[in-house]
>>> print(open('upload.tsv').read())   # TSV, C-alpha atoms
chain	number	residue	atom	x	y	z
J	10	MET	CA	-57.09	21.22	44.60
J	11	LYS	CA	-59.21	22.48	41.71
J	12	LYS	CA	-58.16	22.72	38.11
J	13	MET	CA	-57.79	26.12	36.54
J	14	LEU	CA	-57.93	26.35	32.78
J	15	PHE	CA	-56.29	29.04	30.72
J	16	VAL	CA	-57.72	29.60	27.25
J	17	PRO	CA	-57.00	32.22	24.58
J	18	MET	CA	-59.35	35.17	24.45
J	19	LEU	CA	-61.35	34.91	21.23
J	20	ILE	CA	-61.71	38.62	20.61
J	21	ILE	CA	-59.01	41.26	20.79
J	22	SER	CA	-59.97	44.87	20.13
J	23	ALA	CA	-58.58	46.64	17.06
J	24	SER	CA	-56.86	49.23	19.24
J	25	LEU	CA	-55.05	46.51	21.15
J	26	CYS	CA	-53.94	44.87	17.87
J	27	VAL	CA	-52.53	48.19	16.71
J	28	CYS	CA	-50.69	48.59	20.00
J	29	LEU	CA	-49.21	45.11	19.80
J	30	THR	CA	-47.96	45.61	16.25
J	31	SER	CA	-46.63	49.11	16.80
J	32	CYS	CA	-44.85	48.61	20.13
J	33	ALA	CA	-41.21	47.72	20.00
J	34	THR	CA	-41.61	44.97	22.62
J	35	ALA	CA	-44.45	43.15	24.40
J	36	GLU	CA	-43.18	44.55	27.69
J	37	LEU	CA	-44.84	47.89	26.76
J	38	VAL	CA	-48.26	46.24	26.91
J	39	GLN	CA	-49.85	46.29	30.38
J	40	PRO	CA	-49.57	42.67	31.63
J	41	VAL	CA	-53.05	41.71	32.86
J	42	LEU	CA	-54.72	38.47	33.87
J	43	ASN	CA	-58.50	38.35	33.54
J	44	GLY	CA	-60.37	35.60	35.35
J	45	MET	CA	-63.86	34.20	35.88
J	46	ILE	CA	-65.04	32.21	38.90
J	47	TYR	CA	-67.99	29.80	38.62
J	48	ASP	CA	-69.60	27.37	41.05
J	49	ALA	CA	-70.62	23.76	40.41
J	50	ASP	CA	-73.83	24.96	38.72
J	51	ASN	CA	-71.92	27.28	36.38
J	52	GLU	CA	-73.20	30.34	38.25
J	53	PRO	CA	-70.77	33.23	38.82
J	54	VAL	CA	-69.27	33.50	42.30
J	55	ALA	CA	-69.32	37.11	43.49
J	56	ASP	CA	-67.26	38.56	46.35
J	57	ALA	CA	-64.64	35.82	46.25
J	58	GLN	CA	-61.29	36.92	47.64
J	59	ILE	CA	-58.49	36.47	45.10
J	60	HIS	CA	-54.86	36.61	46.13
J	61	ILE	CA	-51.88	36.12	43.86
J	62	THR	CA	-48.21	35.92	44.76
J	63	GLY	CA	-46.73	39.33	45.35
J	64	GLN	CA	-49.94	41.19	44.53
J	65	SER	CA	-52.56	43.01	46.57
J	66	GLN	CA	-55.81	41.12	47.08
J	67	THR	CA	-58.77	41.69	44.80
J	68	VAL	CA	-62.42	40.59	44.80
J	69	SER	CA	-64.62	39.06	42.09
J	70	ASP	CA	-67.55	41.20	40.92
J	71	ILE	CA	-71.21	40.18	40.58
J	72	TYR	CA	-70.36	38.41	37.32
J	73	GLY	CA	-67.56	36.41	38.93
J	74	HIS	CA	-64.96	38.44	37.02
J	75	PHE	CA	-61.64	39.59	38.43
J	76	ARG	CA	-58.60	41.36	37.01
J	77	ILE	CA	-54.99	41.24	38.16
J	78	GLU	CA	-52.41	43.67	36.80
J	79	ASN	CA	-48.64	44.13	36.84
J	80	LEU	CA	-47.69	40.52	36.19
J	81	ARG	CA	-44.37	39.57	34.63
J	82	THR	CA	-44.30	37.45	31.49
J	83	GLY	CA	-42.69	34.08	32.11
J	84	SER	CA	-43.03	34.31	35.90
J	85	GLU	CA	-44.71	31.66	38.02
J	86	TYR	CA	-47.52	32.66	40.39
J	87	VAL	CA	-49.79	31.05	42.94
J	88	ILE	CA	-53.41	32.18	42.84
J	89	THR	CA	-55.78	31.47	45.73
J	90	CYS	CA	-59.55	32.04	45.73
J	91	SER	CA	-61.65	31.85	48.88
J	92	LYS	CA	-65.13	32.71	50.14
J	93	ALA	CA	-67.06	31.78	53.27
J	94	GLY	CA	-69.12	28.66	52.66
J	95	TYR	CA	-67.09	27.70	49.58
J	96	GLU	CA	-64.19	25.38	48.96
J	97	SER	CA	-60.96	27.33	48.60
J	98	THR	CA	-59.02	26.92	45.37
J	99	THR	CA	-55.25	27.21	44.91
J	100	MET	CA	-53.33	26.84	41.67
J	101	LYS	CA	-49.84	27.46	40.32
J	102	PHE	CA	-49.46	28.90	36.84
J	103	THR	CA	-46.94	30.62	34.62
J	104	TYR	CA	-48.10	33.91	33.16
J	105	THR	CA	-47.35	34.08	29.44
J	106	SER	CA	-49.48	36.80	27.83
J	107	ILE	CA	-52.48	39.14	28.09
J	108	SER	CA	-54.44	36.73	25.88
J	109	GLU	CA	-54.97	34.35	28.79
J	110	VAL	CA	-58.18	34.05	30.79
J	111	ALA	CA	-58.35	32.04	34.00
J	112	TYR	CA	-61.55	30.02	34.47
J	113	ILE	CA	-61.83	28.85	38.08
J	114	ARG	CA	-64.36	26.49	39.65
J	115	MET	CA	-65.39	26.95	43.30
J	116	CYS	CA	-67.94	24.58	44.83
J	117	SER	CA	-70.13	25.73	47.69
J	118	ALA	CA	-70.54	23.53	50.75
J	119	GLU	CA	-74.18	22.92	49.85
J	120	GLN	CA	-73.21	21.79	46.36
J	121	LEU	CA	-70.65	19.40	47.81
J	122	LEU	CA	-73.34	17.93	50.08
J	123	ASP	CA	-75.61	17.44	47.06
J	124	LEU	CA	-72.80	15.68	45.23
J	125	ALA	CA	-72.20	13.44	48.25
J	126	GLU	CA	-75.90	12.49	48.39
J	127	ALA	CA	-75.89	11.63	44.69
J	128	GLU	CA	-72.88	9.35	45.18
J	129	ILE	CA	-74.56	7.64	48.16
J	130	LEU	CA	-77.58	6.84	45.99
J	131	LYS	CA	-75.18	5.21	43.51
J	132	LYS	CA	-73.48	3.35	46.39
J	133	ARG	CA	-70.16	4.99	45.55
J	134	TYR	CA	-69.25	5.51	49.17
J	135	ASP	CA	-65.57	6.40	48.82
J	136	THR	CA	-66.42	9.22	46.44
J	137	ALA	CA	-69.24	10.36	48.72
J	138	MET	CA	-66.85	10.47	51.68
J	139	SER	CA	-64.39	12.57	49.71
J	140	TYR	CA	-67.14	15.10	49.02
J	141	LEU	CA	-68.04	15.15	52.71
J	142	ASP	CA	-64.39	15.78	53.63
J	143	ARG	CA	-64.39	18.71	51.23
J	144	THR	CA	-67.67	19.95	52.71
J	145	ASP	CA	-66.10	20.07	56.16
J	146	LYS	CA	-63.13	22.05	54.83
J	147	ALA	CA	-65.58	24.51	53.24
J	148	ASP	CA	-67.22	25.04	56.65
J	149	GLY	CA	-70.41	23.35	55.56
J	150	SER	CA	-73.18	22.05	57.80
J	151	LYS	CA	-71.67	19.68	60.37
J	152	VAL	CA	-75.14	18.26	61.01
J	153	SER	CA	-75.71	17.33	57.36
J	154	SER	CA	-72.18	16.02	56.93
J	155	SER	CA	-72.30	13.82	60.04
J	156	TYR	CA	-75.77	12.56	59.17
J	157	LEU	CA	-74.64	11.49	55.71
J	158	ARG	CA	-71.59	9.79	57.21
J	159	ALA	CA	-74.00	7.85	59.42
J	160	VAL	CA	-76.03	6.89	56.35
J	161	ILE	CA	-72.91	5.58	54.62
J	162	ALA	CA	-71.89	3.57	57.68
J	163	TYR	CA	-75.40	2.13	58.05
J	164	GLN	CA	-75.61	1.10	54.40
J	165	GLN	CA	-72.26	-0.64	54.78
J	166	LYS	CA	-73.58	-2.42	57.90
J	167	GLN	CA	-71.10	-0.59	60.10
J	168	TYR	CA	-73.73	0.00	62.75
J	169	ALA	CA	-71.41	1.05	65.58
J	170	ASP	CA	-69.90	3.75	63.35
J	171	ALA	CA	-73.37	4.92	62.33
J	172	LEU	CA	-74.38	5.22	65.98
J	173	GLY	CA	-71.14	7.06	66.73
J	174	HIS	CA	-71.95	9.78	64.18
J	175	LEU	CA	-75.55	10.08	65.37
J	176	GLN	CA	-74.60	10.16	69.04
J	177	GLN	CA	-72.03	12.87	68.36
J	178	LEU	CA	-74.75	14.96	66.72
J	179	MET	CA	-76.95	14.61	69.78
J	180	ASN	CA	-74.04	15.35	72.11
J	181	ASP	CA	-73.45	18.54	70.14
J	182	GLY	CA	-77.03	19.61	70.80
J	183	CYS	CA	-78.76	18.43	67.63
J	184	ARG	CA	-82.43	17.68	68.37
J	185	GLU	CA	-83.65	17.07	64.84
J	186	PRO	CA	-86.45	14.44	64.84
J	187	VAL	CA	-84.89	12.63	61.88
J	188	VAL	CA	-81.76	11.96	63.97
J	189	TYR	CA	-83.85	10.22	66.64
J	190	LEU	CA	-85.70	8.20	64.02
J	191	PHE	CA	-82.52	7.13	62.27
J	192	THR	CA	-80.98	6.13	65.60
J	193	ALA	CA	-84.05	3.98	66.28
J	194	ASP	CA	-83.62	2.38	62.84
J	195	VAL	CA	-80.00	1.50	63.57
J	196	TYR	CA	-80.90	-0.10	66.90
J	197	GLU	CA	-83.92	-2.01	65.61
J	198	TYR	CA	-82.95	-3.07	62.09
J	199	GLY	CA	-79.18	-3.13	62.45
J	200	LEU	CA	-78.56	-4.32	65.98
J	201	ALA	CA	-81.91	-5.93	66.89
J	202	ASP	CA	-81.90	-3.87	70.09
J	203	LYS	CA	-85.59	-3.27	70.75
J	204	GLU	CA	-85.18	-1.44	74.04
J	205	ASN	CA	-82.97	1.29	72.61
J	206	ALA	CA	-85.12	1.37	69.49
J	207	LYS	CA	-88.15	2.12	71.67
J	208	LYS	CA	-86.22	4.80	73.54
J	209	TYR	CA	-85.41	6.74	70.41
J	210	LEU	CA	-88.82	6.19	68.84
J	211	LYS	CA	-90.30	7.85	71.92
J	212	LEU	CA	-87.93	10.78	71.55
J	213	TYR	CA	-88.88	11.03	67.90
J	214	LEU	CA	-92.62	10.94	68.58
J	215	ALA	CA	-92.24	13.56	71.32
J	216	SER	CA	-91.17	16.05	68.65
J	217	SER	CA	-92.92	14.80	65.52
J	218	TYR	CA	-96.40	13.37	64.89
J	219	ASP	CA	-96.05	10.13	62.89
J	220	PRO	CA	-98.78	7.45	63.03
J	221	ASP	CA	-96.54	4.88	61.37
J	222	ALA	CA	-93.81	5.39	63.97
J	223	ALA	CA	-96.42	5.20	66.74
J	224	ALA	CA	-97.68	1.87	65.38
J	225	ARG	CA	-94.09	0.64	65.10
J	226	LEU	CA	-93.46	1.56	68.74
J	227	ALA	CA	-96.60	-0.30	69.82
J	228	ASP	CA	-95.41	-3.43	68.00
J	229	LEU	CA	-92.11	-3.31	69.83
>>> encode(input="upload.tsv", output="structure tokens")
Amino acid sequence: MKKMLFVPMLIISASLCVCLTSCATAELVQPVLNGMIYDADNEPVADAQIHITGQSQTVSDIYGHFRIENLRTGSEYVITCSKAGYESTTMKFTYTSISEVAYIRMCSAEQLLDLAEAEILKKRYDTAMSYLDRTDKADGSKVSSSYLRAVIAYQQKQYADALGHLQQLMNDGCREPVVYLFTADVYEYGLADKENAKKYLKLYLASSYDPDAAARLADL
């Protein structure tokens, strides 16, 4: 669940100030919530679907901005933001005044994969796995997610788990050369299984020219 920050608007128009001071009660002011949606790179997220309790759905514009009207001061709401290829965000909040702006962060599946890779390089595997779990929920690339899970297992010397992820990829129809090469690595360097290492090196070389891999196969 992502955090949603509410901060005071810094500028209020003179006409609005006049309205606030002249109206008998704040209830006469149109209750509105303005919001902005950004991704992990601080870029606006357009076309995100925004739904709030008891309200019709709205969509963020090209600047990531959205506007929700007819809220009741002091009432609690649940706001949900979703978009294909992005991690959905849900947050409870209590609406207090028109001076609030909701800033919402939505990570794309690709950004979550990048974050997972960065954590793997730092050997922070638990954090990397949490990013991969979030990637899956955001309907990210199953190939990339499973491959990185295999990398984590391999680096932790959990060779059977690494092979399980790689084999599942191949069972699902993945024929990426790098999957064959990685499988050969697991068999040769992890399990000292030369026969299976040769098998997958041959599959790799059948789809990718690599003199170093050819020399490695010859040595086996």
>>> residues_around(input="upload.tsv", residues="range 130-147 of chain J", least_positions_apart="5", cutoff="12 Å", atoms="all atoms listed in the file", output="ChimeraX atom specification")
/J:10-11,91-98,115-125,152-165
>>> atom_distance(input="upload.tsv", atom1="CA of Gly83 in chain J", atom2="CA of Met45 in chain J")
21.5 Å
>>> axis_aligned_box(input="upload.tsv", around="range 44-63 of chain J", padding_each_side="5 Å", output="AutoDock Vina command-line options")
--center_x -60.3 --center_y 31.5 --center_z 41.5 --size_x 37.1 --size_y 25.6 --size_z 22.3
>>> closest_residue(input="upload.tsv", among="J:Val187, J:Ala111, J:Ala201, J:Leu80", to="Ser217 in chain J", atoms="only C-alpha atoms")
J:Val187
>>> residues_around(input="upload.tsv", residues="Gln64 in chain J", least_positions_apart="4", cutoff="9 Å", atoms="all atoms listed in the file", output="list in words")
His60, Ile77, Glu78, Asn79 and Leu80 of chain J
>>> closest_residue(input="upload.tsv", among="J:Ala57, J:Gly73, J:Asp202, J:Thr105", to="Cys90 in chain J", atoms="only C-alpha atoms")
J:Ala57
>>> atom_distance(input="upload.tsv", atom1="CA of Thr82 in chain J", atom2="CA of Pro40 in chain J")
7.4 Å
>>> closest_residue(input="upload.tsv", among="J:Tyr198, J:Ser150, J:Arg184, J:Arg114", to="Ala49 in chain J", atoms="all atoms listed in the file")
J:Arg114
>>> residues_around(input="upload.tsv", residues="Ala222 in chain J", least_positions_apart="6", cutoff="10 Å", atoms="all atoms listed in the file", output="number ranges by chain")
J: 190, 210-211, 213-214, 228
>>> atom_distance(input="upload.tsv", atom1="CA of Asn43 in chain J", atom2="CA of Ile107 in chain J")
8.2 Å
>>> closest_residue(input="upload.tsv", among="J:Asp219, J:Asp50, J:Asp170, J:Asp181", to="Val195 in chain J", atoms="all atoms listed in the file")
J:Asp170
>>> closest_residue(input="upload.tsv", among="J:Glu126, J:Val41, J:Arg81, J:Asp56", to="Glu109 in chain J", atoms="only C-alpha atoms")
J:Val41
>>> closest_residue(input="upload.tsv", among="J:Ala215, J:Leu42, J:Lys166, J:Ala206", to="Leu229 in chain J", atoms="all atoms listed in the file")
J:Ala206
>>> residues_around(input="upload.tsv", residues="Asn205 in chain J", least_positions_apart="5", cutoff="8 Å", atoms="only C-alpha atoms", output="ChimeraX atom specification")
/J:193,196-197
>>> residues_around(input="upload.tsv", residues="Lys101 in chain J", least_positions_apart="5", cutoff="8 Å", atoms="only C-alpha atoms", output="ChimeraX atom specification")
/J:85-88
>>> build_atoms(input="upload.tsv", residues="range 117-144 of chain J", atoms="N, CA and C atoms", output="PDB file, in the coordinates of the input")
ATOM      1  N   SER J 117     -69.643  25.349  46.362  1.00  0.00           N
ATOM      2  CA  SER J 117     -70.130  25.730  47.690  1.00  0.00           C
ATOM      3  C   SER J 117     -70.287  24.477  48.537  1.00  0.00           C
ATOM      4  N   ALA J 118     -70.357  24.664  49.851  1.00  0.00           N
ATOM      5  CA  ALA J 118     -70.540  23.530  50.750  1.00  0.00           C
ATOM      6  C   ALA J 118     -71.844  22.802  50.459  1.00  0.00           C
ATOM      7  N   GLU J 119     -72.897  23.550  50.152  1.00  0.00           N
ATOM      8  CA  GLU J 119     -74.180  22.920  49.850  1.00  0.00           C
ATOM      9  C   GLU J 119     -74.101  22.084  48.577  1.00  0.00           C
ATOM     10  N   GLN J 120     -73.377  22.560  47.594  1.00  0.00           N
ATOM     11  CA  GLN J 120     -73.210  21.790  46.360  1.00  0.00           C
ATOM     12  C   GLN J 120     -72.424  20.520  46.615  1.00  0.00           C
ATOM     13  N   LEU J 121     -71.425  20.591  47.472  1.00  0.00           N
ATOM     14  CA  LEU J 121     -70.650  19.400  47.810  1.00  0.00           C
ATOM     15  C   LEU J 121     -71.516  18.375  48.536  1.00  0.00           C
ATOM     16  N   LEU J 122     -72.413  18.843  49.407  1.00  0.00           N
ATOM     17  CA  LEU J 122     -73.340  17.930  50.080  1.00  0.00           C
ATOM     18  C   LEU J 122     -74.261  17.254  49.073  1.00  0.00           C
ATOM     19  N   ASP J 123     -74.747  18.019  48.107  1.00  0.00           N
ATOM     20  CA  ASP J 123     -75.610  17.440  47.060  1.00  0.00           C
ATOM     21  C   ASP J 123     -74.864  16.377  46.265  1.00  0.00           C
ATOM     22  N   LEU J 124     -73.603  16.653  45.965  1.00  0.00           N
ATOM     23  CA  LEU J 124     -72.800  15.680  45.230  1.00  0.00           C
ATOM     24  C   LEU J 124     -72.585  14.419  46.062  1.00  0.00           C
ATOM     25  N   ALA J 125     -72.376  14.593  47.367  1.00  0.00           N
ATOM     26  CA  ALA J 125     -72.200  13.440  48.250  1.00  0.00           C
ATOM     27  C   ALA J 125     -73.473  12.593  48.277  1.00  0.00           C
ATOM     28  N   GLU J 126     -74.633  13.229  48.381  1.00  0.00           N
ATOM     29  CA  GLU J 126     -75.900  12.490  48.390  1.00  0.00           C
ATOM     30  C   GLU J 126     -76.092  11.702  47.097  1.00  0.00           C
ATOM     31  N   ALA J 127     -75.752  12.320  45.979  1.00  0.00           N
ATOM     32  CA  ALA J 127     -75.890  11.630  44.690  1.00  0.00           C
ATOM     33  C   ALA J 127     -75.001  10.392  44.633  1.00  0.00           C
ATOM     34  N   GLU J 128     -73.789  10.496  45.182  1.00  0.00           N
ATOM     35  CA  GLU J 128     -72.880   9.350  45.180  1.00  0.00           C
ATOM     36  C   GLU J 128     -73.368   8.256  46.129  1.00  0.00           C
ATOM     37  N   ILE J 129     -74.002   8.632  47.239  1.00  0.00           N
ATOM     38  CA  ILE J 129     -74.560   7.640  48.160  1.00  0.00           C
ATOM     39  C   ILE J 129     -75.659   6.845  47.467  1.00  0.00           C
ATOM     40  N   LEU J 130     -76.500   7.521  46.715  1.00  0.00           N
ATOM     41  CA  LEU J 130     -77.580   6.840  45.990  1.00  0.00           C
ATOM     42  C   LEU J 130     -77.019   5.827  44.986  1.00  0.00           C
ATOM     43  N   LYS J 131     -75.837   6.123  44.459  1.00  0.00           N
ATOM     44  CA  LYS J 131     -75.180   5.210  43.510  1.00  0.00           C
ATOM     45  C   LYS J 131     -74.300   4.185  44.215  1.00  0.00           C
ATOM     46  N   LYS J 132     -74.285   4.254  45.561  1.00  0.00           N
ATOM     47  CA  LYS J 132     -73.480   3.350  46.390  1.00  0.00           C
ATOM     48  C   LYS J 132     -71.984   3.499  46.118  1.00  0.00           C
ATOM     49  N   ARG J 133     -71.574   4.696  45.733  1.00  0.00           N
ATOM     50  CA  ARG J 133     -70.160   4.990  45.550  1.00  0.00           C
ATOM     51  C   ARG J 133     -69.687   5.723  46.811  1.00  0.00           C
ATOM     52  N   TYR J 134     -69.458   4.941  47.848  1.00  0.00           N
ATOM     53  CA  TYR J 134     -69.250   5.510  49.170  1.00  0.00           C
ATOM     54  C   TYR J 134     -67.925   6.227  49.325  1.00  0.00           C
ATOM     55  N   ASP J 135     -66.870   5.731  48.708  1.00  0.00           N
ATOM     56  CA  ASP J 135     -65.570   6.400  48.820  1.00  0.00           C
ATOM     57  C   ASP J 135     -65.637   7.807  48.231  1.00  0.00           C
ATOM     58  N   THR J 136     -66.290   7.906  47.072  1.00  0.00           N
ATOM     59  CA  THR J 136     -66.420   9.220  46.440  1.00  0.00           C
ATOM     60  C   THR J 136     -67.289  10.133  47.290  1.00  0.00           C
ATOM     61  N   ALA J 137     -68.361   9.570  47.849  1.00  0.00           N
ATOM     62  CA  ALA J 137     -69.240  10.360  48.720  1.00  0.00           C
ATOM     63  C   ALA J 137     -68.469  10.886  49.929  1.00  0.00           C
ATOM     64  N   MET J 138     -67.632  10.038  50.520  1.00  0.00           N
ATOM     65  CA  MET J 138     -66.850  10.470  51.680  1.00  0.00           C
ATOM     66  C   MET J 138     -65.874  11.583  51.315  1.00  0.00           C
ATOM     67  N   SER J 139     -65.312  11.514  50.115  1.00  0.00           N
ATOM     68  CA  SER J 139     -64.390  12.570  49.710  1.00  0.00           C
ATOM     69  C   SER J 139     -65.116  13.909  49.581  1.00  0.00           C
ATOM     70  N   TYR J 140     -66.355  13.871  49.089  1.00  0.00           N
ATOM     71  CA  TYR J 140     -67.140  15.100  49.020  1.00  0.00           C
ATOM     72  C   TYR J 140     -67.469  15.631  50.410  1.00  0.00           C
ATOM     73  N   LEU J 141     -67.741  14.725  51.347  1.00  0.00           N
ATOM     74  CA  LEU J 141     -68.040  15.150  52.710  1.00  0.00           C
ATOM     75  C   LEU J 141     -66.803  15.762  53.382  1.00  0.00           C
ATOM     76  N   ASP J 142     -65.632  15.195  53.110  1.00  0.00           N
ATOM     77  CA  ASP J 142     -64.390  15.780  53.630  1.00  0.00           C
ATOM     78  C   ASP J 142     -64.210  17.200  53.103  1.00  0.00           C
ATOM     79  N   ARG J 143     -64.516  17.384  51.834  1.00  0.00           N
ATOM     80  CA  ARG J 143     -64.390  18.710  51.230  1.00  0.00           C
ATOM     81  C   ARG J 143     -65.440  19.666  51.790  1.00  0.00           C
ATOM     82  N   THR J 144     -66.626  19.131  52.094  1.00  0.00           N
ATOM     83  CA  THR J 144     -67.670  19.950  52.710  1.00  0.00           C
ATOM     84  C   THR J 144     -67.211  20.501  54.047  1.00  0.00           C
TER      85      THR J 144
END
